[in-house]
>>> print(open('model_3.cif').read())   # mmCIF, C-alpha atoms
data_upload
loop_
_atom_site.group_PDB
_atom_site.id
_atom_site.type_symbol
_atom_site.label_atom_id
_atom_site.label_comp_id
_atom_site.auth_asym_id
_atom_site.auth_seq_id
_atom_site.Cartn_x
_atom_site.Cartn_y
_atom_site.Cartn_z
ATOM 1 C CA MET A 44 30.063 -25.249 -13.194
ATOM 2 C CA TYR A 45 28.260 -22.427 -11.364
ATOM 3 C CA ASP A 46 28.338 -18.967 -12.939
ATOM 4 C CA LEU A 47 28.486 -16.048 -10.524
ATOM 5 C CA MET A 48 28.305 -12.277 -10.879
ATOM 6 C CA ASN A 49 28.466 -9.303 -8.549
ATOM 7 C CA GLY A 50 25.233 -8.007 -7.046
ATOM 8 C CA ILE A 51 24.463 -5.013 -9.274
ATOM 9 C CA GLY A 52 21.147 -3.204 -9.444
ATOM 10 C CA ASN A 53 18.686 -0.851 -7.770
ATOM 11 C CA HIS A 54 16.064 -1.475 -5.101
ATOM 12 C CA GLU A 55 13.667 1.412 -4.549
ATOM 13 C CA VAL A 56 10.462 1.896 -2.570
ATOM 14 C CA LEU A 57 7.736 3.905 -4.319
ATOM 15 C CA ILE A 58 5.370 5.556 -1.818
ATOM 16 C CA ALA A 59 1.933 5.202 -3.407
ATOM 17 C CA THR A 60 0.125 7.956 -1.510
ATOM 18 C CA PRO A 61 0.662 10.585 1.212
ATOM 19 C CA HIS A 62 -2.406 9.189 2.988
ATOM 20 C CA HIS A 63 -2.162 6.369 5.509
ATOM 21 C CA GLY A 64 -4.524 3.392 5.425
ATOM 22 C CA PRO A 65 -5.304 0.260 3.392
ATOM 23 C CA ASP A 66 -5.813 0.873 -0.335
ATOM 24 C CA ALA A 67 -5.678 4.649 0.196
ATOM 25 C CA PHE A 68 -4.093 5.283 -3.218
ATOM 26 C CA ILE A 69 -6.840 3.334 -5.029
ATOM 27 C CA LYS A 70 -9.453 5.823 -3.822
ATOM 28 C CA ASP A 71 -7.708 8.761 -5.523
ATOM 29 C CA LEU A 72 -7.517 8.604 -9.324
ATOM 30 C CA SER A 73 -5.097 11.528 -9.532
ATOM 31 C CA GLN A 74 -2.752 9.710 -7.147
ATOM 32 C CA ILE A 75 -2.732 6.627 -9.395
ATOM 33 C CA GLU A 76 -1.864 8.875 -12.354
ATOM 34 C CA LYS A 77 0.996 10.477 -10.384
ATOM 35 C CA LEU A 78 2.296 7.076 -9.273
ATOM 36 C CA THR A 79 2.219 5.776 -12.856
ATOM 37 C CA GLY A 80 4.126 8.863 -13.976
ATOM 38 C CA VAL A 81 6.773 8.298 -11.289
ATOM 39 C CA ILE A 82 7.179 4.654 -12.362
ATOM 40 C CA ILE A 83 7.697 5.708 -15.977
ATOM 41 C CA LYS A 84 10.240 8.394 -14.995
ATOM 42 C CA ARG A 85 12.226 5.930 -12.890
ATOM 43 C CA MET A 86 12.219 3.316 -15.677
ATOM 44 C CA ARG A 87 13.467 5.861 -18.213
ATOM 45 C CA GLU A 88 16.193 7.047 -15.836
ATOM 46 C CA LEU A 89 17.390 3.542 -14.961
ATOM 47 C CA LYS A 90 17.501 2.670 -18.649
ATOM 48 C CA LYS A 91 20.491 5.024 -18.901
ATOM 49 C CA ASP A 92 22.557 2.681 -16.688
ATOM 50 C CA GLN A 93 24.316 0.385 -19.147
ATOM 51 C CA ARG A 94 24.683 -2.337 -16.501
ATOM 52 C CA LEU A 95 20.941 -2.848 -16.112
ATOM 53 C CA LYS A 96 18.660 -4.955 -18.301
ATOM 54 C CA TYR A 97 15.287 -4.981 -16.593
ATOM 55 C CA VAL A 98 13.094 -3.046 -14.160
ATOM 56 C CA LEU A 99 10.599 -5.101 -12.170
ATOM 57 C CA ILE A 100 7.718 -3.224 -10.507
ATOM 58 C CA PHE A 101 5.611 -5.070 -7.957
ATOM 59 C CA LYS A 102 3.332 -4.592 -4.960
ATOM 60 C CA ASN A 103 2.820 -7.054 -2.108
ATOM 61 C CA HIS A 104 -0.356 -6.466 -0.107
ATOM 62 C CA GLY A 105 -1.077 -8.467 3.043
ATOM 63 C CA LYS A 106 1.088 -10.915 4.961
ATOM 64 C CA ALA A 107 0.025 -13.885 2.813
ATOM 65 C CA ALA A 108 1.418 -12.015 -0.216
ATOM 66 C CA GLY A 109 4.697 -11.025 1.455
ATOM 67 C CA GLY A 110 3.490 -7.553 2.432
ATOM 68 C CA GLY A 111 5.158 -7.646 5.831
ATOM 69 C CA ASN A 112 4.219 -5.256 8.615
ATOM 70 C CA ILE A 113 4.313 -1.924 6.743
ATOM 71 C CA PRO A 114 0.686 -0.747 6.471
ATOM 72 C CA HIS A 115 1.393 2.374 4.366
ATOM 73 C CA GLU A 116 0.682 1.701 0.673
ATOM 74 C CA HIS A 117 3.852 1.303 -1.381
ATOM 75 C CA LEU A 118 5.312 -0.486 -4.380
ATOM 76 C CA GLN A 119 8.819 -1.758 -4.963
ATOM 77 C CA LEU A 120 11.159 -1.341 -7.910
ATOM 78 C CA ILE A 121 14.052 -3.711 -8.482
ATOM 79 C CA ALA A 122 16.387 -3.138 -11.443
ATOM 80 C CA THR A 123 18.486 -6.168 -12.379
ATOM 81 C CA PRO A 124 21.470 -6.837 -14.679
ATOM 82 C CA VAL A 125 19.614 -9.848 -16.135
ATOM 83 C CA THR A 126 16.126 -10.471 -17.485
ATOM 84 C CA PRO A 127 14.068 -12.343 -14.855
ATOM 85 C CA LYS A 128 13.321 -15.995 -15.622
ATOM 86 C CA ARG A 129 9.529 -15.584 -15.613
ATOM 87 C CA VAL A 130 9.687 -12.667 -18.059
ATOM 88 C CA LYS A 131 12.201 -14.467 -20.283
ATOM 89 C CA GLU A 132 9.840 -17.444 -20.549
ATOM 90 C CA GLU A 133 7.082 -15.087 -21.726
ATOM 91 C CA LEU A 134 9.435 -13.434 -24.215
ATOM 92 C CA VAL A 135 10.488 -16.777 -25.685
ATOM 93 C CA GLY A 136 6.890 -18.022 -25.874
ATOM 94 C CA SER A 137 5.729 -14.789 -27.518
ATOM 95 C CA LYS A 138 8.534 -14.985 -30.066
ATOM 96 C CA ARG A 139 7.681 -18.568 -30.980
ATOM 97 C CA TYR A 140 4.019 -17.671 -31.439
ATOM 98 C CA PHE A 141 4.979 -14.716 -33.649
ATOM 99 C CA GLU A 142 7.246 -16.945 -35.767
ATOM 100 C CA TYR A 143 4.341 -19.377 -36.222
ATOM 101 C CA LYS A 144 1.478 -16.931 -36.872
ATOM 102 C CA ASP A 145 3.190 -13.590 -37.556
ATOM 103 C CA ARG A 146 1.002 -12.008 -34.868
ATOM 104 C CA CYS A 147 1.315 -11.019 -31.220
ATOM 105 C CA VAL A 148 -0.084 -13.723 -28.923
ATOM 106 C CA PHE A 149 -1.443 -11.104 -26.509
ATOM 107 C CA CYS A 150 -3.197 -9.210 -29.312
ATOM 108 C CA ASP A 151 -4.809 -12.468 -30.442
ATOM 109 C CA MET A 152 -5.808 -13.162 -26.839
ATOM 110 C CA ILE A 153 -7.457 -9.729 -26.596
ATOM 111 C CA ILE A 154 -9.388 -10.273 -29.845
ATOM 112 C CA GLN A 155 -10.708 -13.648 -28.667
ATOM 113 C CA GLU A 156 -11.585 -12.421 -25.180
ATOM 114 C CA LEU A 157 -13.514 -9.453 -26.581
ATOM 115 C CA ASP A 158 -15.324 -11.804 -28.945
ATOM 116 C CA GLN A 159 -16.283 -14.328 -26.242
ATOM 117 C CA LYS A 160 -16.798 -11.692 -23.498
ATOM 118 C CA GLU A 161 -17.103 -14.278 -20.684
ATOM 119 C CA ARG A 162 -13.693 -13.403 -19.180
ATOM 120 C CA VAL A 163 -13.629 -9.625 -19.797
ATOM 121 C CA PHE A 164 -14.304 -7.820 -16.524
ATOM 122 C CA LEU A 165 -13.821 -4.218 -17.673
ATOM 123 C CA GLU A 166 -13.142 -2.281 -20.859
ATOM 124 C CA ILE A 167 -12.309 1.407 -20.527
ATOM 125 C CA ASP A 168 -11.011 3.429 -23.477
ATOM 126 C CA ASN A 169 -8.097 1.440 -24.920
ATOM 127 C CA PHE A 170 -7.498 -0.805 -21.908
ATOM 128 C CA LEU A 171 -9.221 -3.898 -20.618
ATOM 129 C CA ALA A 172 -9.149 -6.121 -17.549
ATOM 130 C CA ILE A 173 -9.612 -9.856 -18.030
ATOM 131 C CA ASN A 174 -9.642 -12.994 -15.922
ATOM 132 C CA PRO A 175 -7.252 -14.972 -18.139
ATOM 133 C CA TYR A 176 -8.064 -18.392 -19.543
ATOM 134 C CA CYS A 177 -6.822 -21.221 -17.274
ATOM 135 C CA SER A 178 -5.920 -18.778 -14.480
ATOM 136 C CA ARG A 179 -3.378 -19.968 -11.935
ATOM 137 C CA PHE A 180 -5.143 -18.375 -8.969
ATOM 138 C CA PRO A 181 -8.770 -17.600 -8.028
ATOM 139 C CA PHE A 182 -9.748 -14.165 -9.380
ATOM 140 C CA GLU A 183 -6.384 -13.667 -11.122
ATOM 141 C CA THR A 184 -6.806 -10.550 -13.262
ATOM 142 C CA TRP A 185 -4.712 -8.998 -16.036
ATOM 143 C CA ILE A 186 -4.785 -5.432 -17.360
ATOM 144 C CA LEU A 187 -3.640 -4.962 -20.958
ATOM 145 C CA PRO A 188 -3.620 -2.131 -23.508
ATOM 146 C CA ARG A 189 -5.712 -2.900 -26.589
ATOM 147 C CA LYS A 190 -3.181 -1.008 -28.684
ATOM 148 C CA HIS A 191 -0.073 -3.123 -29.171
ATOM 149 C CA SER A 192 2.892 -1.956 -27.096
ATOM 150 C CA CYS A 193 5.833 -3.828 -25.611
ATOM 151 C CA ASP A 194 7.106 -1.038 -23.328
ATOM 152 C CA PHE A 195 5.149 0.314 -20.343
ATOM 153 C CA ASP A 196 7.235 3.494 -20.250
ATOM 154 C CA THR A 197 6.094 4.653 -23.700
ATOM 155 C CA MET A 198 2.560 5.545 -22.569
ATOM 156 C CA SER A 199 1.341 9.043 -23.426
ATOM 157 C CA LYS A 200 -0.356 11.334 -20.886
ATOM 158 C CA ASN A 201 -3.791 10.393 -22.210
ATOM 159 C CA GLU A 202 -2.914 6.697 -22.037
ATOM 160 C CA ILE A 203 -1.741 7.125 -18.436
ATOM 161 C CA LYS A 204 -5.147 8.617 -17.580
ATOM 162 C CA SER A 205 -6.995 5.722 -19.251
ATOM 163 C CA PHE A 206 -4.747 3.129 -17.653
ATOM 164 C CA SER A 207 -5.262 4.714 -14.221
ATOM 165 C CA ARG A 208 -9.039 4.592 -14.665
ATOM 166 C CA VAL A 209 -9.119 0.898 -15.569
ATOM 167 C CA PHE A 210 -6.649 0.064 -12.789
ATOM 168 C CA GLN A 211 -8.731 1.917 -10.202
ATOM 169 C CA SER A 212 -12.002 0.355 -11.402
ATOM 170 C CA THR A 213 -10.465 -3.121 -11.469
ATOM 171 C CA MET A 214 -9.074 -2.886 -7.940
ATOM 172 C CA ARG A 215 -12.311 -1.389 -6.607
ATOM 173 C CA GLY A 216 -14.309 -4.228 -8.144
ATOM 174 C CA MET A 217 -11.998 -6.859 -6.701
ATOM 175 C CA ILE A 218 -12.109 -5.267 -3.228
ATOM 176 C CA LYS A 219 -15.921 -5.095 -3.347
ATOM 177 C CA THR A 220 -16.021 -8.799 -4.178
ATOM 178 C CA LEU A 221 -13.187 -10.134 -2.014
ATOM 179 C CA GLY A 222 -12.832 -7.585 0.797
ATOM 180 C CA ASN A 223 -9.364 -6.583 2.010
ATOM 181 C CA PHE A 224 -7.688 -9.532 0.293
ATOM 182 C CA PRO A 225 -3.938 -10.277 0.063
ATOM 183 C CA TYR A 226 -2.514 -9.866 -3.427
ATOM 184 C CA ASN A 227 0.563 -9.363 -5.580
ATOM 185 C CA ILE A 228 0.621 -6.886 -8.466
ATOM 186 C CA ILE A 229 3.390 -7.356 -11.037
ATOM 187 C CA LEU A 230 4.220 -5.360 -14.147
ATOM 188 C CA HIS A 231 5.534 -7.396 -17.072
ATOM 189 C CA THR A 232 7.199 -5.188 -19.660
ATOM 190 C CA SER A 233 10.034 -5.568 -22.164
ATOM 191 C CA PRO A 234 13.685 -5.555 -21.079
ATOM 192 C CA PHE A 235 16.060 -2.797 -22.144
ATOM 193 C CA ARG A 236 17.273 -3.310 -25.705
ATOM 194 C CA ARG A 237 20.537 -1.442 -26.218
ATOM 195 C CA ARG A 238 22.247 -4.194 -28.188
ATOM 196 C CA LYS A 239 20.128 -6.358 -30.424
ATOM 197 C CA LYS A 240 20.866 -10.022 -29.884
ATOM 198 C CA LYS A 241 20.836 -11.841 -33.206
ATOM 199 C CA GLY A 242 17.693 -13.907 -33.628
ATOM 200 C CA TYR A 243 16.240 -12.853 -30.261
ATOM 201 C CA TRP A 244 15.552 -9.110 -30.085
ATOM 202 C CA GLU A 245 14.648 -8.704 -33.747
ATOM 203 C CA THR A 246 10.872 -8.977 -33.307
ATOM 204 C CA ILE A 247 10.273 -7.975 -29.679
ATOM 205 C CA GLU A 248 8.557 -4.703 -30.660
ATOM 206 C CA ASN A 249 6.044 -6.809 -32.614
ATOM 207 C CA ASP A 250 5.690 -9.985 -30.565
ATOM 208 C CA TYR A 251 5.611 -8.850 -26.908
ATOM 209 C CA HIS A 252 2.835 -6.941 -25.133
ATOM 210 C CA TRP A 253 3.191 -5.355 -21.683
ATOM 211 C CA HIS A 254 0.580 -6.181 -19.069
ATOM 212 C CA ILE A 255 -0.212 -6.003 -15.350
ATOM 213 C CA GLU A 256 -0.867 -9.233 -13.432
ATOM 214 C CA ILE A 257 -2.974 -9.008 -10.245
ATOM 215 C CA MET A 258 -2.801 -12.253 -8.288
ATOM 216 C CA PRO A 259 -4.998 -12.667 -5.190
ATOM 217 C CA ARG A 260 -3.401 -14.959 -2.615
ATOM 218 C CA LEU A 261 -6.531 -16.829 -1.575
ATOM 219 C CA THR A 262 -5.070 -20.334 -1.884
ATOM 220 C CA GLN A 263 -1.673 -21.797 -1.049
ATOM 221 C CA VAL A 264 0.920 -23.010 -3.514
ATOM 222 C CA ALA A 265 1.838 -26.455 -2.178
ATOM 223 C CA GLY A 266 3.644 -29.654 -3.142
ATOM 224 C CA PHE A 267 1.644 -30.435 -6.281
ATOM 225 C CA GLU A 268 2.236 -26.963 -7.742
ATOM 226 C CA TRP A 269 5.947 -26.903 -6.863
ATOM 227 C CA GLY A 270 6.467 -30.438 -8.108
ATOM 228 C CA SER A 271 4.497 -30.219 -11.341
ATOM 229 C CA GLY A 272 4.384 -26.561 -12.376
ATOM 230 C CA PHE A 273 0.586 -26.964 -12.647
ATOM 231 C CA TYR A 274 -1.784 -24.872 -10.522
ATOM 232 C CA ILE A 275 -5.001 -25.950 -8.800
ATOM 233 C CA ASN A 276 -7.575 -23.167 -9.136
ATOM 234 C CA PRO A 277 -10.949 -23.886 -7.485
ATOM 235 C CA THR A 278 -12.580 -20.829 -9.117
ATOM 236 C CA PRO A 279 -12.613 -20.914 -12.942
ATOM 237 C CA PRO A 280 -11.931 -17.507 -14.549
ATOM 238 C CA GLU A 281 -15.372 -17.461 -16.177
ATOM 239 C CA GLN A 282 -16.992 -17.828 -12.743
ATOM 240 C CA ALA A 283 -14.670 -15.238 -11.184
ATOM 241 C CA CYS A 284 -15.496 -12.756 -13.946
ATOM 242 C CA ALA A 285 -19.233 -13.332 -13.427
ATOM 243 C CA TYR A 286 -18.842 -12.624 -9.694
ATOM 244 C CA LEU A 287 -16.921 -9.403 -10.380
ATOM 245 C CA LYS A 288 -19.463 -8.178 -12.919
ATOM 246 C CA GLU A 289 -22.370 -8.969 -10.583
ATOM 247 C CA THR A 290 -20.719 -7.006 -7.769
ATOM 248 C CA GLU A 291 -20.171 -4.080 -10.146
ATOM 249 C CA LYS A 292 -23.850 -4.107 -11.197
ATOM 250 C CA SER A 293 -25.108 -4.181 -7.617
ATOM 251 C CA GLU A 294 -23.229 -0.995 -6.705
#
>>> encode(input="model_3.cif", output="structure tokens")
Amino acid sequence: MYDLMNGIGNHEVLIATPHHGPDAFIKDLSQIEKLTGVIIKRMRELKKDQRLKYVLIFKNHGKAAGGGNIPHEHLQLIATPVTPKRVKEELVGSKRYFEYKDRCVFCDMIIQELDQKERVFLEIDNFLAINPYCSRFPFETWILPRKHSCDFDTMSKNEIKSFSRVFQSTMRGMIKTLGNFPYNIILHTSPFRRRKKKGYWETIENDYHWHIEIMPRLTQVAGFEWGSGFYINPTPPEQACAYLKETEKSE
């Protein structure tokens, strides 16, 4: 009854900066642009491997976030022959929303957040950083492109520059507010689509929207969260966003 497969994939370490020290790459905008370019090149290259379906990019910072004992700033890339469960759940939810409203759920989220403004931390060019509604963790922050796009690796050079600016400003603001806090950064983008699966891949270019999730590890996930799938967040996103904006103003 258990399905098994061979362990196929890639695991790569992406060195974020030649400089040693905590958050060294965040201080250098050009380094963020270079790192983003390297990520895109690796994703495009791995897409050529017919065995692979998804590339997951993530960063663990601090022991509480699984960062281990390596102090030099780095990210990890893991390419898998299957679409990760968490991403698949987002894909299915986005598809259902599109079938119901004929619109991208993330685009609708962006429109509402820009209208209400109480959870929008930053807006730079065509990118914005928000503290999402009903956040799972205190100060959880997402970065999204305003222009609809399902694939991270399709960004132009100008878009890479804009993305790097909002990423740098977001991380600086969070560090000013929270100090050297433990966090996970995860890129959610579309899986590779070589063969269109009937009824599933037909609308992904229209219904899914890539985004970056920054999750501070300030609280522990315990029995209630594991048992229920619900998260206890003592800092509402509206309050977190107000703190971040106030810190930004005081600089």
>>> resolve_selection(input="model_3.cif", expression="the PyMOL selection byres ((chain A and resi 274) around 8)", output="ChimeraX atom specification")
/A:179-180,264,267-268,272-273,275-276
>>> write_last_selection(input="model_3.cif", atoms="C-alpha atoms", output="mmCIF file, keeping the file's coordinate frame")
data_model
loop_
_atom_site.group_PDB
_atom_site.id
_atom_site.type_symbol
_atom_site.label_atom_id
_atom_site.label_comp_id
_atom_site.auth_asym_id
_atom_site.auth_seq_id
_atom_site.Cartn_x
_atom_site.Cartn_y
_atom_site.Cartn_z
ATOM 1 C CA ARG A 179 -3.378 -19.968 -11.935
ATOM 2 C CA PHE A 180 -5.143 -18.375 -8.969
ATOM 3 C CA VAL A 264 0.920 -23.010 -3.514
ATOM 4 C CA PHE A 267 1.644 -30.435 -6.281
ATOM 5 C CA GLU A 268 2.236 -26.963 -7.742
ATOM 6 C CA GLY A 272 4.384 -26.561 -12.376
ATOM 7 C CA PHE A 273 0.586 -26.964 -12.647
ATOM 8 C CA ILE A 275 -5.001 -25.950 -8.800
ATOM 9 C CA ASN A 276 -7.575 -23.167 -9.136
#
>>> resolve_selection(input="model_3.cif", expression="the PyMOL selection byres ((chain A and resi 227) around 9)", output="PyMOL selection string")
chain A and resi 101-105+108-110+225-226+228-229+256-260
>>> write_last_selection(input="model_3.cif", atoms="C-alpha atoms", output="PDB file, keeping the file's coordinate frame")
ATOM      1  CA  PHE A 101       5.611  -5.070  -7.957  1.00  0.00           C
ATOM      2  CA  LYS A 102       3.332  -4.592  -4.960  1.00  0.00           C
ATOM      3  CA  ASN A 103       2.820  -7.054  -2.108  1.00  0.00           C
ATOM      4  CA  HIS A 104      -0.356  -6.466  -0.107  1.00  0.00           C
ATOM      5  CA  GLY A 105      -1.077  -8.467   3.043  1.00  0.00           C
ATOM      6  CA  ALA A 108       1.418 -12.015  -0.216  1.00  0.00           C
ATOM      7  CA  GLY A 109       4.697 -11.025   1.455  1.00  0.00           C
ATOM      8  CA  GLY A 110       3.490  -7.553   2.432  1.00  0.00           C
ATOM      9  CA  PRO A 225      -3.938 -10.277   0.063  1.00  0.00           C
ATOM     10  CA  TYR A 226      -2.514  -9.866  -3.427  1.00  0.00           C
ATOM     11  CA  ILE A 228       0.621  -6.886  -8.466  1.00  0.00           C
ATOM     12  CA  ILE A 229       3.390  -7.356 -11.037  1.00  0.00           C
ATOM     13  CA  GLU A 256      -0.867  -9.233 -13.432  1.00  0.00           C
ATOM     14  CA  ILE A 257      -2.974  -9.008 -10.245  1.00  0.00           C
ATOM     15  CA  MET A 258      -2.801 -12.253  -8.288  1.00  0.00           C
ATOM     16  CA  PRO A 259      -4.998 -12.667  -5.190  1.00  0.00           C
ATOM     17  CA  ARG A 260      -3.401 -14.959  -2.615  1.00  0.00           C
TER      18      ARG A 260
END
>>> resolve_selection(input="model_3.cif", expression="the PyMOL selection byres ((chain A and resi 193) around 6)", output="PyMOL selection string")
chain A and resi 192+194+233+248+251-253
>>> write_last_selection(input="model_3.cif", atoms="C-alpha atoms", output="mmCIF file, keeping the file's coordinate frame")
data_model
loop_
_atom_site.group_PDB
_atom_site.id
_atom_site.type_symbol
_atom_site.label_atom_id
_atom_site.label_comp_id
_atom_site.auth_asym_id
_atom_site.auth_seq_id
_atom_site.Cartn_x
_atom_site.Cartn_y
_atom_site.Cartn_z
ATOM 1 C CA SER A 192 2.892 -1.956 -27.096
ATOM 2 C CA ASP A 194 7.106 -1.038 -23.328
ATOM 3 C CA SER A 233 10.034 -5.568 -22.164
ATOM 4 C CA GLU A 248 8.557 -4.703 -30.660
ATOM 5 C CA TYR A 251 5.611 -8.850 -26.908
ATOM 6 C CA HIS A 252 2.835 -6.941 -25.133
ATOM 7 C CA TRP A 253 3.191 -5.355 -21.683
#
>>> closest_residue(input="model_3.cif", among="A:Pro188, A:Pro61, A:Gly50, A:Pro277", to="A:Ile75", atoms="only C-alpha atoms")
A:Pro61
>>> residues_around(input="model_3.cif", residues="A:Trp185", least_positions_apart="5", cutoff="7 Å", atoms="only C-alpha atoms", output="PDB file with C-alpha atoms, in the coordinates of the input")
ATOM      1  CA  ALA A 172      -9.149  -6.121 -17.549  1.00  0.00           C
ATOM      2  CA  ILE A 173      -9.612  -9.856 -18.030  1.00  0.00           C
ATOM      3  CA  ASN A 174      -9.642 -12.994 -15.922  1.00  0.00           C
ATOM      4  CA  PRO A 175      -7.252 -14.972 -18.139  1.00  0.00           C
ATOM      5  CA  HIS A 254       0.580  -6.181 -19.069  1.00  0.00           C
ATOM      6  CA  ILE A 255      -0.212  -6.003 -15.350  1.00  0.00           C
ATOM      7  CA  GLU A 256      -0.867  -9.233 -13.432  1.00  0.00           C
ATOM      8  CA  ILE A 257      -2.974  -9.008 -10.245  1.00  0.00           C
TER       9      ILE A 257
END
>>> residues_around(input="model_3.cif", residues="A:Arg146", least_positions_apart="2", cutoff="12 Å", atoms="all atoms listed in the file", output="list of chain:residue names")
A:Ser137, A:Lys138, A:Arg139, A:Tyr140, A:Phe141, A:Glu142, A:Tyr143, A:Lys144, A:Val148, A:Phe149, A:Cys150, A:Asp151, A:Met152, A:Ile154, A:His191, A:Thr246, A:Ile247, A:Glu248, A:Asn249, A:Asp250, A:Tyr251, A:His252
>>> closest_residue(input="model_3.cif", among="A:Gln93, A:Thr262, A:Glu55, A:Lys200", to="A:Ala107", atoms="only C-alpha atoms")
A:Thr262
>>> atom_distance(input="model_3.cif", atom1="atom CA of A:His231", atom2="atom CA of A:Ile121")
12.6 Å
>>> residues_around(input="model_3.cif", residues="A:Leu171", least_positions_apart="6", cutoff="9 Å", atoms="all atoms listed in the file", output="list in words")
Ile153, Val163, Phe164, Leu165, Trp185, Ile186, Leu187, Pro188, Arg189, Phe206 and Val209 of chain A
>>> residues_around(input="model_3.cif", residues="A:Met214", least_positions_apart="3", cutoff="10 Å", atoms="only C-alpha atoms", output="count of residues only")
12
>>> closest_residue(input="model_3.cif", among="A:Thr126, A:Thr232, A:Ser73, A:Gln119", to="A:Ser205", atoms="all atoms listed in the file")
A:Ser73
>>> atom_distance(input="model_3.cif", atom1="atom CA of A:Arg162", atom2="atom CA of A:Tyr176")
7.5 Å
